[in-house]
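The next block is query-v3.csv, given as CSV, C-alpha atoms and all ligand atoms.
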```
chain,number,residue,atom,x,y,z
X,1,MET,CA,136.5,63.9,-10.5
X,2,THR,CA,134.8,64.6,-13.8
X,3,ALA,CA,136.1,67.6,-15.7
X,4,PRO,CA,133.5,70.3,-16.0
X,5,VAL,CA,131.8,70.2,-19.4
X,6,ARG,CA,132.7,73.3,-21.3
X,7,ASN,CA,129.4,74.9,-22.2
X,8,VAL,CA,129.3,76.2,-25.8
X,9,TRP,CA,126.8,78.9,-25.0
X,10,TRP,CA,129.3,81.6,-24.3
X,11,ASP,CA,131.4,80.8,-27.4
X,12,ARG,CA,128.3,80.6,-29.6
X,13,LEU,CA,127.3,84.0,-28.3
X,14,ARG,CA,130.7,85.5,-29.2
X,15,GLY,CA,130.7,83.7,-32.5
X,16,ALA,CA,127.3,85.1,-33.4
X,17,ARG,CA,128.5,88.5,-32.4
X,18,SER,CA,131.6,88.4,-34.6
X,19,ALA,CA,129.6,87.0,-37.5
X,20,ARG,CA,127.2,89.9,-37.3
X,21,GLY,CA,126.9,92.3,-40.2
X,22,ALA,CA,125.0,90.0,-42.5
X,23,ARG,CA,121.3,89.6,-41.6
X,24,PRO,CA,120.8,86.3,-39.9
X,25,GLU,CA,119.3,83.5,-42.0
X,26,PRO,CA,116.5,82.6,-41.8
X,27,ASP,CA,114.9,86.0,-41.5
X,28,ARG,CA,113.9,86.1,-37.8
X,29,ALA,CA,111.7,89.2,-38.2
X,30,ALA,CA,109.7,87.3,-40.8
X,31,ALA,CA,109.5,84.3,-38.5
X,32,GLY,CA,108.3,86.4,-35.6
X,33,PHE,CA,105.7,88.0,-37.8
X,34,ALA,CA,104.5,84.6,-39.0
X,35,PHE,CA,104.3,83.3,-35.4
X,36,GLY,CA,102.1,86.2,-34.4
X,37,GLN,CA,99.9,85.7,-37.5
X,38,GLY,CA,99.2,82.2,-36.4
X,39,TRP,CA,97.4,83.1,-33.1
X,40,ALA,CA,93.7,82.4,-33.2
X,41,ARG,CA,91.2,84.9,-31.9
X,42,GLU,CA,89.9,83.7,-28.5
X,43,SER,CA,86.5,83.0,-30.0
X,44,GLU,CA,88.1,80.8,-32.7
X,45,SER,CA,90.4,79.0,-30.3
X,46,GLU,CA,89.6,75.5,-29.3
X,47,SER,CA,91.4,75.7,-25.9
X,48,GLU,CA,90.0,77.7,-23.0
X,49,ARG,CA,92.5,80.3,-21.8
X,50,GLU,CA,93.4,79.7,-18.2
X,51,PRO,CA,93.6,82.8,-16.1
X,52,THR,CA,96.6,83.2,-13.8
X,53,ALA,CA,96.1,83.7,-10.1
X,54,ILE,CA,96.5,87.5,-10.5
X,55,ALA,CA,94.3,87.8,-13.6
X,56,GLU,CA,91.7,90.5,-13.2
X,57,PRO,CA,90.1,92.9,-15.7
X,58,PRO,CA,91.8,96.2,-15.8
X,59,ARG,CA,90.1,98.8,-13.6
X,60,PRO,CA,89.4,102.0,-15.3
X,61,GLY,CA,91.7,104.7,-14.1
X,62,ARG,CA,91.1,108.5,-13.8
X,63,LEU,CA,92.0,109.2,-17.4
X,64,ALA,CA,89.5,106.6,-18.7
X,65,ALA,CA,86.9,107.9,-16.3
X,66,HIS,CA,87.4,111.5,-17.6
X,67,PHE,CA,87.1,110.3,-21.2
X,68,GLU,CA,83.9,108.3,-20.5
X,69,ALA,CA,82.4,111.2,-18.6
X,70,ASN,CA,83.2,113.7,-21.4
X,71,ALA,CA,79.7,113.7,-22.9
X,72,GLU,CA,79.6,117.4,-23.7
X,73,GLY,CA,82.0,120.2,-24.5
X,74,PRO,CA,85.4,120.1,-26.2
X,75,GLY,CA,85.9,116.7,-27.8
X,76,ILE,CA,88.4,114.1,-27.0
X,77,TRP,CA,89.1,111.4,-29.6
X,78,LYS,CA,91.2,108.4,-28.4
X,79,TRP,CA,91.3,104.7,-28.8
X,80,ARG,CA,89.8,103.3,-25.5
X,81,HIS,CA,92.6,100.8,-24.9
X,82,TYR,CA,95.2,103.7,-24.8
X,83,PHE,CA,94.0,104.7,-21.3
X,84,GLU,CA,95.5,101.7,-19.6
X,85,ALA,CA,98.9,102.4,-21.2
X,86,TYR,CA,98.7,106.1,-20.4
X,87,GLU,CA,98.1,105.3,-16.7
X,88,ARG,CA,100.9,102.8,-16.6
X,89,HIS,CA,103.5,105.2,-18.0
X,90,LEU,CA,102.2,108.6,-16.8
X,91,ALA,CA,100.9,108.0,-13.3
X,92,LYS,CA,104.3,108.9,-11.8
X,93,PHE,CA,103.9,112.5,-13.0
X,94,VAL,CA,100.5,113.2,-11.3
X,95,GLY,CA,100.9,116.1,-8.8
X,96,ARG,CA,104.5,116.6,-9.8
X,97,SER,CA,104.0,119.7,-12.0
X,98,PRO,CA,105.1,118.1,-15.3
X,99,ARG,CA,105.7,119.9,-18.5
X,100,VAL,CA,103.5,118.0,-21.1
X,101,VAL,CA,103.4,118.4,-24.8
X,102,GLU,CA,100.6,117.0,-26.9
X,103,ILE,CA,100.9,117.2,-30.7
X,104,GLY,CA,97.3,117.3,-32.1
X,105,VAL,CA,94.9,119.6,-30.4
X,106,TYR,CA,91.9,119.2,-32.7
X,107,SER,CA,88.9,120.0,-30.5
X,108,GLY,CA,90.8,120.7,-27.3
X,109,GLY,CA,89.3,118.2,-25.0
X,110,SER,CA,92.4,116.1,-24.5
X,111,LEU,CA,94.4,119.1,-23.3
X,112,GLU,CA,91.8,119.7,-20.6
X,113,MET,CA,92.0,116.0,-19.7
X,114,TRP,CA,95.8,116.1,-19.3
X,115,LYS,CA,95.5,119.3,-17.2
X,116,GLN,CA,93.0,117.7,-14.8
X,117,TYR,CA,94.9,114.5,-14.6
X,118,PHE,CA,98.4,115.9,-13.9
X,119,GLY,CA,97.0,118.5,-11.5
X,120,THR,CA,98.0,121.8,-10.1
X,121,GLY,CA,101.3,123.2,-11.5
X,122,CYS,CA,101.4,121.2,-14.7
X,123,GLU,CA,102.2,122.9,-17.9
X,124,ILE,CA,100.3,121.7,-21.0
X,125,ILE,CA,101.6,122.7,-24.4
X,126,GLY,CA,99.3,121.8,-27.4
X,127,VAL,CA,100.9,121.8,-30.8
X,128,ASP,CA,98.8,121.9,-34.0
X,129,ILE,CA,99.0,123.0,-37.6
X,130,GLU,CA,95.6,124.6,-37.5
X,131,GLU,CA,95.4,128.3,-36.4
X,132,ALA,CA,91.9,127.6,-35.0
X,133,CYS,CA,93.4,125.6,-32.2
X,134,ARG,CA,94.6,128.8,-30.5
X,135,ALA,CA,91.1,128.9,-29.1
X,136,TYR,CA,92.1,126.2,-26.6
X,137,ALA,CA,94.8,128.3,-24.9
X,138,GLY,CA,94.0,129.1,-21.2
X,139,PRO,CA,95.4,128.9,-17.7
X,140,SER,CA,98.2,126.2,-17.7
X,141,VAL,CA,97.6,125.5,-21.4
X,142,GLU,CA,99.7,127.1,-24.2
X,143,ILE,CA,99.0,126.5,-27.9
X,144,VAL,CA,101.9,126.5,-30.4
X,145,ILE,CA,101.0,126.5,-34.1
X,146,GLY,CA,103.4,124.6,-36.5
X,147,ASP,CA,104.0,121.6,-38.7
X,148,GLN,CA,105.3,118.7,-36.8
X,149,ALA,CA,107.0,117.3,-39.9
X,150,ASP,CA,109.2,120.4,-40.1
X,151,PRO,CA,112.5,120.1,-38.2
X,152,ALA,CA,112.9,124.0,-38.3
X,153,PHE,CA,109.6,124.3,-36.4
X,154,TRP,CA,110.9,122.0,-33.7
X,155,ALA,CA,114.3,123.8,-33.6
X,156,GLY,CA,112.4,127.0,-32.6
X,157,PHE,CA,110.1,125.1,-30.3
X,158,VAL,CA,112.8,123.5,-28.2
X,159,GLU,CA,114.5,126.9,-27.8
X,160,ARG,CA,111.3,128.0,-25.9
X,161,PHE,CA,110.3,124.7,-24.3
X,162,ASP,CA,113.2,122.5,-23.2
X,163,ALA,CA,113.3,119.9,-20.4
X,164,LEU,CA,110.0,118.1,-21.2
X,165,ASP,CA,108.5,115.4,-19.0
X,166,VAL,CA,105.9,114.0,-21.3
X,167,VAL,CA,105.3,114.1,-25.1
X,168,ILE,CA,102.2,112.6,-26.7
X,169,ASP,CA,102.2,112.6,-30.5
X,170,ASP,CA,98.5,112.5,-31.6
X,171,GLY,CA,99.0,114.7,-34.6
X,172,GLY,CA,98.9,113.8,-38.3
X,173,HIS,CA,100.0,110.2,-37.8
X,174,LEU,CA,102.1,110.0,-40.9
X,175,PRO,CA,105.4,108.2,-40.4
X,176,GLU,CA,107.5,111.2,-41.6
X,177,GLN,CA,105.7,113.4,-39.1
X,178,GLN,CA,106.1,110.9,-36.3
X,179,ILE,CA,109.8,110.5,-37.0
X,180,ALA,CA,110.6,114.2,-37.3
X,181,THR,CA,108.7,114.8,-34.0
X,182,LEU,CA,110.5,111.9,-32.2
X,183,GLU,CA,113.9,113.0,-33.4
X,184,ALA,CA,113.3,116.5,-32.2
X,185,LEU,CA,111.7,115.8,-28.8
X,186,LEU,CA,112.9,112.4,-27.5
X,187,PRO,CA,116.4,113.9,-26.8
X,188,ARG,CA,114.7,116.8,-25.0
X,189,LEU,CA,112.9,114.7,-22.4
X,190,ARG,CA,114.1,115.0,-18.8
X,191,ASP,CA,115.5,111.9,-17.0
X,192,GLY,CA,112.5,109.6,-16.4
X,193,GLY,CA,110.5,111.3,-19.2
X,194,VAL,CA,108.0,109.5,-21.3
X,195,TYR,CA,107.4,109.7,-25.0
X,196,ILE,CA,104.2,108.3,-26.5
X,197,CYS,CA,103.3,108.1,-30.1
X,198,GLU,CA,99.7,107.2,-31.0
X,199,ASP,CA,98.0,105.7,-34.0
X,200,VAL,CA,100.9,103.6,-35.4
X,201,THR,CA,98.5,101.5,-37.5
X,202,GLY,CA,99.1,98.7,-40.0
X,203,VAL,CA,101.5,95.8,-39.9
X,204,GLU,CA,103.7,97.5,-42.5
X,205,ASN,CA,103.7,100.9,-40.8
X,206,GLU,CA,106.9,102.7,-41.5
X,207,PHE,CA,107.0,104.3,-38.0
X,208,GLN,CA,106.8,100.8,-36.6
X,209,ASP,CA,109.8,99.9,-38.8
X,210,TYR,CA,111.6,103.0,-37.4
X,211,CYS,CA,110.9,101.9,-33.9
X,212,ASP,CA,112.1,98.3,-34.6
X,213,GLY,CA,115.4,99.8,-35.7
X,214,LEU,CA,115.5,102.2,-32.7
X,215,ALA,CA,114.8,99.4,-30.3
X,216,ARG,CA,117.8,97.4,-31.6
X,217,ASN,CA,120.0,100.0,-29.9
X,218,LEU,CA,118.8,98.6,-26.5
X,219,ASN,CA,120.8,95.4,-27.2
X,220,ALA,CA,124.1,97.0,-28.1
X,221,GLU,CA,127.0,95.2,-26.2
X,222,GLU,CA,130.4,96.8,-25.7
X,223,TRP,CA,131.9,94.2,-23.3
X,224,ILE,CA,134.3,95.6,-20.7
X,225,SER,CA,134.5,92.5,-18.5
X,226,GLU,CA,133.5,88.8,-18.7
X,227,SER,CA,133.5,88.2,-14.9
X,228,PRO,CA,131.3,89.8,-13.8
X,229,ALA,CA,129.7,90.1,-17.2
X,230,THR,CA,129.7,93.9,-17.8
X,231,VAL,CA,128.8,95.9,-20.7
X,232,LYS,CA,129.5,99.6,-21.2
X,233,PRO,CA,126.2,101.2,-22.2
X,234,SER,CA,126.0,103.0,-25.5
X,235,GLY,CA,124.7,106.6,-25.5
X,236,PHE,CA,121.3,105.2,-26.3
X,237,GLN,CA,121.3,102.6,-23.4
X,238,THR,CA,122.6,105.3,-21.1
X,239,GLN,CA,119.6,107.5,-21.7
X,240,VAL,CA,116.7,105.3,-23.0
X,241,HIS,CA,115.3,102.9,-20.5
X,242,SER,CA,112.7,101.0,-22.5
X,243,ILE,CA,110.5,100.9,-25.6
X,244,HIS,CA,107.0,99.5,-25.1
X,245,ARG,CA,104.6,98.5,-27.8
X,246,TYR,CA,100.8,98.3,-27.6
X,247,PRO,CA,98.2,98.1,-30.3
X,248,PHE,CA,98.7,101.3,-32.4
X,249,LEU,CA,100.8,102.9,-29.6
X,250,VAL,CA,104.5,103.2,-28.7
X,251,ALA,CA,105.8,104.4,-25.3
X,252,ILE,CA,109.4,105.2,-24.8
X,253,GLU,CA,110.8,105.8,-21.3
X,254,ARG,CA,114.0,107.7,-20.6
X,255,THR,CA,116.2,106.3,-17.9
X,256,PRO,CA,115.6,107.9,-14.4
X,257,GLU,CA,119.3,108.7,-14.3
X,258,PRO,CA,122.2,108.0,-16.7
X,259,VAL,CA,123.1,104.3,-16.7
X,260,ALA,CA,126.8,103.8,-15.9
X,261,GLU,CA,127.1,100.0,-16.6
X,262,LEU,CA,125.0,97.0,-17.5
X,263,ILE,CA,126.2,94.2,-15.2
X,264,ALA,CA,125.3,90.6,-14.5
X,265,PRO,CA,127.0,89.5,-11.3
X,266,ARG,CA,126.6,86.0,-9.9
X,267,HIS,CA,125.1,85.8,-6.4
X,268,GLY,CA,125.5,82.5,-4.5
X,269,THR,CA,128.2,79.9,-3.8
X,270,GLU,CA,126.9,76.7,-5.4
X,271,TRP,CA,127.2,76.4,-9.2
X,272,GLN,CA,126.4,73.5,-11.5
X,273,PRO,CA,129.3,72.5,-13.9
X,274,PHE,CA,127.2,72.3,-17.0
X,275,PHE,CA,126.9,76.0,-17.8
X,276,ASP,CA,129.7,78.5,-17.7
X,277,GLY,CA,128.3,81.3,-19.7
X,278,PRO,CA,128.3,84.8,-18.3
T,1,LIG,C1,93.6,113.0,-34.1
T,1,LIG,S1,93.5,114.8,-34.0
T,1,LIG,C2,94.0,115.1,-32.3
T,1,LIG,C3,93.1,114.5,-31.4
T,1,LIG,C4,93.2,115.1,-30.0
T,1,LIG,N1,94.6,114.9,-29.5
T,1,LIG,C5,92.3,114.3,-29.1
T,1,LIG,O1,92.7,113.4,-28.3
T,1,LIG,O2,91.1,114.6,-29.2
T,1,LIG,C6,94.9,115.3,-35.0
T,1,LIG,C7,95.3,116.7,-35.0
T,1,LIG,O3,96.5,116.8,-35.6
T,1,LIG,C8,96.6,118.0,-36.3
T,1,LIG,N2,97.7,117.8,-37.3
T,1,LIG,C9,97.6,117.2,-38.5
T,1,LIG,N3,98.8,117.3,-39.2
T,1,LIG,C10,99.6,118.0,-38.4
T,1,LIG,C11,100.9,118.5,-38.5
T,1,LIG,N4,101.6,118.2,-39.6
T,1,LIG,N5,101.5,119.2,-37.5
T,1,LIG,C12,100.8,119.5,-36.4
T,1,LIG,N6,99.5,119.1,-36.2
T,1,LIG,C13,98.9,118.4,-37.2
T,1,LIG,C14,95.3,118.2,-36.9
T,1,LIG,O4,95.0,119.5,-37.3
T,1,LIG,C15,94.4,117.6,-35.8
T,1,LIG,O5,93.9,118.7,-35.0
```

Translate this file's structure into structure tokens.
Amino acid sequence: MTAPVRNVWWDRLRGARSARGARPEPDRAAAGFAFGQGWARESESESEREPTAIAEPPRPGRLAAHFEANAEGPGIWKWRHYFEAYERHLAKFVGRSPRVVEIGVYSGGSLEMWKQYFGTGCEIIGVDIEEACRAYAGPSVEIVIGDQADPAFWAGFVERFDALDVVIDDGGHLPEQQIATLEALLPRLRDGGVYICEDVTGVENEFQDYCDGLARNLNAEEWISESPATVKPSGFQTQVHSIHRYPFLVAIERTPEPVAELIAPRHGTEWQPFFDGP
């Protein structure tokens, strides 16, 4: 009988882990950026892209339909491609009376859009630095005036409005404003809550860098068992389910309930000898 070949994968993984501290060489972030830069626009590409069996153009949802129909009255100003992402992350709250915060009221139309989308019982809180935005308060819509870059403003805000379901940051769009807002409100989301930050523009955007660092926490690994492979989740992994990136938009989902362990059991009875990693 041939002795099983010891696979080096597991040892390499552990070696890489223990060597951590110094940034890996070569710079993988730079390599990933360069790879993305190399993609041709479809119109410039020589090869025809093959659709998969399930490829179909996205169907406009209710939010997109509301936006397109909003030809008169209080204005809404959104990038069109946001609507598909909104529906993907926010549809679960429709009809569930969510508490929704939008930073950036401007001309009031988006508050009305959220109110109609989430339906009866929802609570919409619009935050803006401009006093004039108080004009958009009404049934189910509250307006709070303040500077989203100011942690003291948020400290007072969360005393009044805790346990949020949805946050949409469409305010001043400066990284320091976006970071102050995220740090104040992401921890205040309920289980399953969704945090969206809009208008993260530019490949050297600092809020993008912040999210790169934040997302690293999803890969923390405090091993408590090799068989079955089991990791004790960090506080972040316990409470943050995922971080999603779209053009100019970041969506962060809180876990539906606190995660107790991250585990990779083996299911089955037949195993090849050439791989014994976890
Ligand atoms: C892009 S507009 C919001 C658009 C609106 N949400 C919509 O969909 O139509 C940005 C708004 O953010 C507000 N704003 C700018 N800086 C702010 C700050 N530091 N704190 C709070 N609001 C701010 C502006 O007054 C403006 O009304």

Using only C-alpha atoms and all ligand atoms, find each residue of chain X with at least one atom at most 7 Å away from an atom of ligand LIG 1 (chain T); report its shortest atom-to-atom pair and that distance in Å (one decimal), sort the rows by chain and rising residue number, and return the result as a Markdown table.
```
| residue | atom | partner | partner_atom | distance |
| --- | --- | --- | --- | --- |
| X:Gly75 | CA | T:LIG1 | O2 | 5.8 |
| X:Ile76 | CA | T:LIG1 | O2 | 3.5 |
| X:Trp77 | CA | T:LIG1 | O2 | 3.8 |
| X:Lys78 | CA | T:LIG1 | O1 | 5.2 |
| X:Glu102 | CA | T:LIG1 | N1 | 6.9 |
| X:Ile103 | CA | T:LIG1 | N6 | 6.0 |
| X:Gly104 | CA | T:LIG1 | C7 | 3.6 |
| X:Val105 | CA | T:LIG1 | O5 | 4.8 |
| X:Tyr106 | CA | T:LIG1 | O5 | 3.1 |
| X:Ser107 | CA | T:LIG1 | O2 | 6.0 |
| X:Gly108 | CA | T:LIG1 | O2 | 6.4 |
| X:Gly109 | CA | T:LIG1 | O2 | 5.8 |
| X:Ser110 | CA | T:LIG1 | O1 | 4.7 |
| X:Val127 | CA | T:LIG1 | C12 | 6.1 |
| X:Asp128 | CA | T:LIG1 | N6 | 3.6 |
| X:Ile129 | CA | T:LIG1 | C12 | 4.1 |
| X:Glu130 | CA | T:LIG1 | O4 | 5.1 |
| X:Gly146 | CA | T:LIG1 | C12 | 5.7 |
| X:Asp147 | CA | T:LIG1 | N5 | 3.7 |
| X:Gln148 | CA | T:LIG1 | N5 | 3.9 |
| X:Ala149 | CA | T:LIG1 | N4 | 5.5 |
| X:Asp170 | CA | T:LIG1 | N1 | 5.0 |
| X:Gly171 | CA | T:LIG1 | O3 | 3.4 |
| X:Gly172 | CA | T:LIG1 | N3 | 3.6 |
| X:Gln177 | CA | T:LIG1 | N4 | 6.3 |
```

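Across the model, the gap from CA of Ala29 (chain X) to CA of Val194 (chain X) is 26.7 Å.
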
Practice item. Within 12 Å of region 239-243 of chain X, counting all atoms listed in the file, which residues show up once you throw out same-chain ones fewer than 6 positions away? Write them as a ChimeraX atom specification, please. Key: /X:89,186-197,208,211-219,233,249-262

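Distance check against Gln237 (chain X) using only C-alpha atoms: of X:Asp199, X:Asp162, X:Glu48, X:Glu221, the minimum falls on X:Glu221.
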
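Among the candidates X:Glu72, X:Glu142, X:Glu131, X:Glu84, the one nearest to Val100 (chain X) when counting all atoms listed in the file is X:Glu142.
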
Could you name the residues that touch Ser225 (chain X) at 12 Å or less, counting all atoms listed in the file, but leaving out those on the same chain fewer than 2 positions away, as an mmCIF file with C-alpha atoms, in the coordinates of the input?
```cif
data_model
loop_
_atom_site.group_PDB
_atom_site.id
_atom_site.type_symbol
_atom_site.label_atom_id
_atom_site.label_comp_id
_atom_site.auth_asym_id
_atom_site.auth_seq_id
_atom_site.Cartn_x
_atom_site.Cartn_y
_atom_site.Cartn_z
ATOM 1 C CA GLU X 221 127.000 95.200 -26.200
ATOM 2 C CA GLU X 222 130.400 96.800 -25.700
ATOM 3 C CA TRP X 223 131.900 94.200 -23.300
ATOM 4 C CA SER X 227 133.500 88.200 -14.900
ATOM 5 C CA PRO X 228 131.300 89.800 -13.800
ATOM 6 C CA ALA X 229 129.700 90.100 -17.200
ATOM 7 C CA THR X 230 129.700 93.900 -17.800
ATOM 8 C CA VAL X 231 128.800 95.900 -20.700
ATOM 9 C CA LYS X 232 129.500 99.600 -21.200
ATOM 10 C CA GLU X 261 127.100 100.000 -16.600
ATOM 11 C CA LEU X 262 125.000 97.000 -17.500
ATOM 12 C CA ILE X 263 126.200 94.200 -15.200
ATOM 13 C CA ALA X 264 125.300 90.600 -14.500
ATOM 14 C CA PRO X 265 127.000 89.500 -11.300
ATOM 15 C CA PRO X 278 128.300 84.800 -18.300
#
```

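Interatomic distance, CA of Glu206 (chain X) against CA of Leu182 (chain X): 13.6 Å.
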
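Relative to CA of Ile124 (chain X), CA of Gly138 (chain X) is found at 9.7 Å.
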
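Shortest atom-to-atom contact with Pro60 (chain X) among X:His267, X:Tyr82, X:Glu204, X:Pro151: X:Tyr82, counting all atoms listed in the file.
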
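Residues with any atom within 9 Å of Phe93 (chain X), counting only C-alpha atoms and excluding same-chain neighbours fewer than 5 positions away, are Pro98, Phe118, Asp165 and Val166 of chain X.
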
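Shortest atom-to-atom contact with Arg88 (chain X) among X:Pro139, X:Gly61, X:Pro175, X:Gly73: X:Gly61, counting all atoms listed in the file.
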
Review point. If we count all atoms listed in the file, what is near Ile125 (chain X) at a cut-off of 6 Å, once residues fewer than 2 positions away on the same chain are taken out, given as JSON, numbers by chain?
Key: {"X": [101, 141, 142, 143]}

What would the file look like if the residues just selected were written as a compact mmCIF listing (two decimals), keeping the file's coordinate frame with C-alpha atoms?
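Saved result, result_4.txt, follows:
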```txt
# COMPACT_ATOMS: atom_id res chain seq x y z
CA VAL X 101 103.40 118.40 -24.80
CA VAL X 141 97.60 125.50 -21.40
CA GLU X 142 99.70 127.10 -24.20
CA ILE X 143 99.00 126.50 -27.90
```

What would region 208-229 of chain X look like with N, CA and C atoms restored, written as a JSON list (two decimals), in the frame of the given file?
```json
[["chain", "number", "residue", "atom", "x", "y", "z"],
["X", 208, "GLN", "N", 106.52, 102.05, -37.33],
["X", 208, "GLN", "CA", 106.80, 100.80, -36.60],
["X", 208, "GLN", "C", 108.19, 100.28, -37.02],
["X", 209, "ASP", "N", 108.51, 100.32, -38.32],
["X", 209, "ASP", "CA", 109.80, 99.90, -38.80],
["X", 209, "ASP", "C", 110.93, 100.73, -38.11],
["X", 210, "TYR", "N", 110.66, 102.03, -38.06],
["X", 210, "TYR", "CA", 111.60, 103.00, -37.40],
["X", 210, "TYR", "C", 111.85, 102.55, -35.97],
["X", 211, "CYS", "N", 110.75, 102.23, -35.27],
["X", 211, "CYS", "CA", 110.90, 101.90, -33.90],
["X", 211, "CYS", "C", 111.58, 100.50, -33.70],
["X", 212, "ASP", "N", 111.37, 99.60, -34.67],
["X", 212, "ASP", "CA", 112.10, 98.30, -34.60],
["X", 212, "ASP", "C", 113.60, 98.61, -34.65],
["X", 213, "GLY", "N", 114.01, 99.49, -35.57],
["X", 213, "GLY", "CA", 115.40, 99.80, -35.70],
["X", 213, "GLY", "C", 115.92, 100.55, -34.43],
["X", 214, "LEU", "N", 115.11, 101.47, -33.94],
["X", 214, "LEU", "CA", 115.50, 102.20, -32.70],
["X", 214, "LEU", "C", 115.71, 101.26, -31.56],
["X", 215, "ALA", "N", 114.79, 100.30, -31.43],
["X", 215, "ALA", "CA", 114.80, 99.40, -30.30],
["X", 215, "ALA", "C", 116.06, 98.47, -30.33],
["X", 216, "ARG", "N", 116.61, 98.22, -31.51],
["X", 216, "ARG", "CA", 117.80, 97.40, -31.60],
["X", 216, "ARG", "C", 118.94, 97.96, -30.76],
["X", 217, "ASN", "N", 118.95, 99.29, -30.64],
["X", 217, "ASN", "CA", 120.00, 100.00, -29.90],
["X", 217, "ASN", "C", 120.00, 99.57, -28.41],
["X", 218, "LEU", "N", 118.87, 99.07, -27.92],
["X", 218, "LEU", "CA", 118.80, 98.60, -26.50],
["X", 218, "LEU", "C", 119.69, 97.42, -26.29],
["X", 219, "ASN", "N", 120.02, 96.68, -27.35],
["X", 219, "ASN", "CA", 120.80, 95.40, -27.20],
["X", 219, "ASN", "C", 122.23, 95.57, -27.58],
["X", 220, "ALA", "N", 122.71, 96.78, -27.76],
["X", 220, "ALA", "CA", 124.10, 97.00, -28.10],
["X", 220, "ALA", "C", 124.99, 96.39, -26.95],
["X", 221, "GLU", "N", 126.17, 95.88, -27.29],
["X", 221, "GLU", "CA", 127.00, 95.20, -26.20],
["X", 221, "GLU", "C", 128.46, 95.55, -26.46],
["X", 222, "GLU", "N", 128.95, 96.48, -25.70],
["X", 222, "GLU", "CA", 130.40, 96.80, -25.70],
["X", 222, "GLU", "C", 130.92, 96.18, -24.39],
["X", 223, "TRP", "N", 131.46, 94.95, -24.50],
["X", 223, "TRP", "CA", 131.90, 94.20, -23.30],
["X", 223, "TRP", "C", 133.13, 94.87, -22.71],
["X", 224, "ILE", "N", 133.11, 95.07, -21.39],
["X", 224, "ILE", "CA", 134.30, 95.60, -20.70],
["X", 224, "ILE", "C", 134.83, 94.55, -19.71],
["X", 225, "SER", "N", 134.03, 93.53, -19.43],
["X", 225, "SER", "CA", 134.50, 92.50, -18.50],
["X", 225, "SER", "C", 133.63, 91.24, -18.73],
["X", 226, "GLU", "N", 134.29, 90.05, -18.59],
["X", 226, "GLU", "CA", 133.50, 88.80, -18.70],
["X", 226, "GLU", "C", 133.09, 88.35, -17.30],
["X", 227, "SER", "N", 133.87, 88.70, -16.28],
["X", 227, "SER", "CA", 133.50, 88.20, -14.90],
["X", 227, "SER", "C", 133.79, 89.38, -13.93],
["X", 228, "PRO", "N", 132.73, 90.00, -13.42],
["X", 228, "PRO", "CA", 131.30, 89.80, -13.80],
["X", 228, "PRO", "C", 131.03, 90.31, -15.18],
["X", 229, "ALA", "N", 130.07, 89.67, -15.84],
["X", 229, "ALA", "CA", 129.70, 90.10, -17.20],
["X", 229, "ALA", "C", 129.27, 91.59, -17.11]]
```
